[in-house]
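Below: the structure, in structure tokens.
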Amino acid sequence: MKKPLIAGNWKMFKTASEAVALVQTIKAAAHTVSDVSIVVCPPFTALTEVSKVLSGTSIALGAQNMYCAPEGAFTGEISPTMLKDLGCRYVILGHSERRQYFKEDDILVHEKLKTALKYSLVPIVCVGETLSEREAKKHFDVVKIQFDESIGRLGKEDIVKVVIAYEPVWAIGTGRTATPDQAEQMHSYIRRLLNERYGKENGSRVLILYGGSVKPDNTKSLMEKPNIDGALVGGASLKAELFAQIILEAQQSRDAGTHS
Ligand code: PGA
């Protein structure tokens with residue numbers, strides 16, 4: 001049975017001191033949890049301080065983005081080696097806000113993915129369709145292209161190190177979650193793409209997270225689905241009690257054995 005993963009994407013919220021207060025509360029609330037992998041992804045400016053608070057705990061640190069080179073003349077960018085130096089184990093790549101506001105495309109996301117793996121960061125690669133794409137019934141095609149271009153060009157040995165997050169853009173920060181059935185449909189589709197390309201044994205090892213208005217009251221019904229292996233949580237990860245509740249719900253659905 002795979003260990004579910006709950007990752008908090010803090011986006012551009014929290015100064016370093018606010019981040020310390022938040023992570024201290026999360027740490028206290030989650031100290032009894034052992035069956036769920038927990039990751040927090042604060043902004044770059046808070047990584048150092050949050051890393052100190054997390055030292056010696058099982059909560060992992062992640063970043064929200066990185067550039068695809070270890071160093072160089074790339075003003076304003078952050079490299080994988082810098083993230084590793086601060087204690088990061090994970091990095092979110094290709095989030096829809098990066099794609100939408102900063103014009104990241106699948107080619108760049110793939111370069112970043114290869115670089116993250118080269119420097120032993122665990123990438124959480126985001127895919128997902130917009131509302132108009134779903135309404136035009138193109139959501140499977142859109143996600144297939146994102147998968148093919150940004151993820152599916154990796155080799156077998158690398159794919160098992162990748163975490164995929166399916167985040168329908170229309171569900172992000174809108175309070176409008178995909179229903180568990182809608183989410184599972186896409187997750188099982190992504191699983192099929194993985195299995196076809198990499199074989200069932202490798203495909204089944206890849207964690208596929210759902211993201212988009214995940215809250216304590218919808219976590220269990222999402223996590224009960226066979227191909228939903230965890231969640232990438234935005235808004236609710238900024239409130240320690242909500243994030244802790246989501247983690248506990250994930251643990252319970254695992255303990256109930258509803259999750260394969
Ligand atoms: P949300 O964000 O939980 O606030 O919808 C999810 C995300 O953008 O990763």
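Residues are referred to by chain and number: the chain letter is A, B, ... according to the order shown in the structure tokens, the number counts from 1 in that chain, and ligands are numbered separately from 1 in the order shown.
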
Handout entry: Test item: residues lying within 6 Å of ligand 1 with only C-alpha atoms and all ligand atoms, as number ranges by chain
Key = A: 9, 171-173, 211-214, 232-235

Keeping N, CA, C and O atoms for every residue in the selection just given, could you write it to a file as an mmCIF file, in the first residue's frame?
data_model
loop_
_atom_site.group_PDB
_atom_site.id
_atom_site.type_symbol
_atom_site.label_atom_id
_atom_site.label_comp_id
_atom_site.auth_asym_id
_atom_site.auth_seq_id
_atom_site.Cartn_x
_atom_site.Cartn_y
_atom_site.Cartn_z
ATOM 1 N N ASN A 9 0.702 23.966 -0.506
ATOM 2 C CA ASN A 9 1.294 24.977 -1.388
ATOM 3 C C ASN A 9 0.881 26.343 -0.853
ATOM 4 O O ASN A 9 -0.263 26.749 -0.998
ATOM 5 N N ALA A 171 -10.959 24.503 -10.470
ATOM 6 C CA ALA A 171 -11.210 24.137 -9.071
ATOM 7 C C ALA A 171 -10.210 24.788 -8.122
ATOM 8 O O ALA A 171 -10.326 24.653 -6.912
ATOM 9 N N ILE A 172 -9.217 25.505 -8.676
ATOM 10 C CA ILE A 172 -8.163 26.067 -7.831
ATOM 11 C C ILE A 172 -8.617 27.391 -7.235
ATOM 12 O O ILE A 172 -8.910 28.337 -7.961
ATOM 13 N N GLY A 173 -8.677 27.430 -5.911
ATOM 14 C CA GLY A 173 -9.007 28.667 -5.201
ATOM 15 C C GLY A 173 -10.429 29.144 -5.439
ATOM 16 O O GLY A 173 -10.773 30.278 -5.106
ATOM 17 N N GLY A 211 -5.562 18.214 -6.655
ATOM 18 C CA GLY A 211 -5.503 19.569 -6.094
ATOM 19 C C GLY A 211 -6.607 20.430 -6.666
ATOM 20 O O GLY A 211 -6.961 20.315 -7.850
ATOM 21 N N GLY A 212 -7.165 21.296 -5.824
ATOM 22 C CA GLY A 212 -8.244 22.194 -6.254
ATOM 23 C C GLY A 212 -9.327 22.216 -5.192
ATOM 24 O O GLY A 212 -10.159 21.319 -5.136
ATOM 25 N N SER A 213 -9.253 23.234 -4.307
ATOM 26 C CA SER A 213 -10.245 23.416 -3.236
ATOM 27 C C SER A 213 -10.392 22.182 -2.338
ATOM 28 O O SER A 213 -11.504 21.838 -1.934
ATOM 29 N N VAL A 214 -9.266 21.543 -2.036
ATOM 30 C CA VAL A 214 -9.321 20.446 -1.057
ATOM 31 C C VAL A 214 -9.501 21.044 0.334
ATOM 32 O O VAL A 214 -8.818 22.004 0.713
ATOM 33 N N LEU A 232 -2.716 18.070 -3.121
ATOM 34 C CA LEU A 232 -1.922 19.293 -3.122
ATOM 35 C C LEU A 232 -2.893 20.393 -2.704
ATOM 36 O O LEU A 232 -3.877 20.671 -3.398
ATOM 37 N N VAL A 233 -2.629 20.975 -1.540
ATOM 38 C CA VAL A 233 -3.602 21.850 -0.891
ATOM 39 C C VAL A 233 -3.098 23.288 -0.908
ATOM 40 O O VAL A 233 -1.989 23.553 -0.448
ATOM 41 N N GLY A 234 -3.891 24.194 -1.432
ATOM 42 C CA GLY A 234 -3.511 25.610 -1.446
ATOM 43 C C GLY A 234 -4.084 26.327 -0.236
ATOM 44 O O GLY A 234 -3.544 26.255 0.867
ATOM 45 N N GLY A 235 -5.226 26.989 -0.441
ATOM 46 C CA GLY A 235 -5.830 27.834 0.605
ATOM 47 C C GLY A 235 -5.904 27.190 1.980
ATOM 48 O O GLY A 235 -5.521 27.810 2.989
#

Practice task
Quick one: everything within 6 Å of segment 127-139 of chain A, counting only C-alpha atoms, minus sequence neighbours fewer than 4 positions away in the same chain. Send it as a PyMOL selection string.
Solution key: chain A and resi 143+166-170

Problem - DSSP alpha helix (DSSP H) residues within segment 21-57 of chain A, as a list in words - result: Ala21, Leu22, Val23, Gln24, Thr25, Ile26, Lys27, Ala28, Ala29, Leu47, Thr48, Glu49, Val50, Ser51, Lys52, Val53 and Leu54 of chain A

Problem - Interatomic distance (Å, one decimal) between atom CA of Val39 of chain A and atom CA of Leu61 of chain A - result: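 Interatomic distance, atom CA of Val39 of chain A to atom CA of Leu61 of chain A: 5.6 Å.
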
Problem - Selection near Glu18 of chain A, 12 Å with only C-alpha atoms, sequence-local residues under 6 positions removed, as a list in words - result: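 In the requested form, the answer reads Trp10, Gln24, Thr25, Pro42, Pro43, Thr45, Ala46, Leu47, Glu49, Val50, Leu238, Lys239 and Ala240 of chain A.
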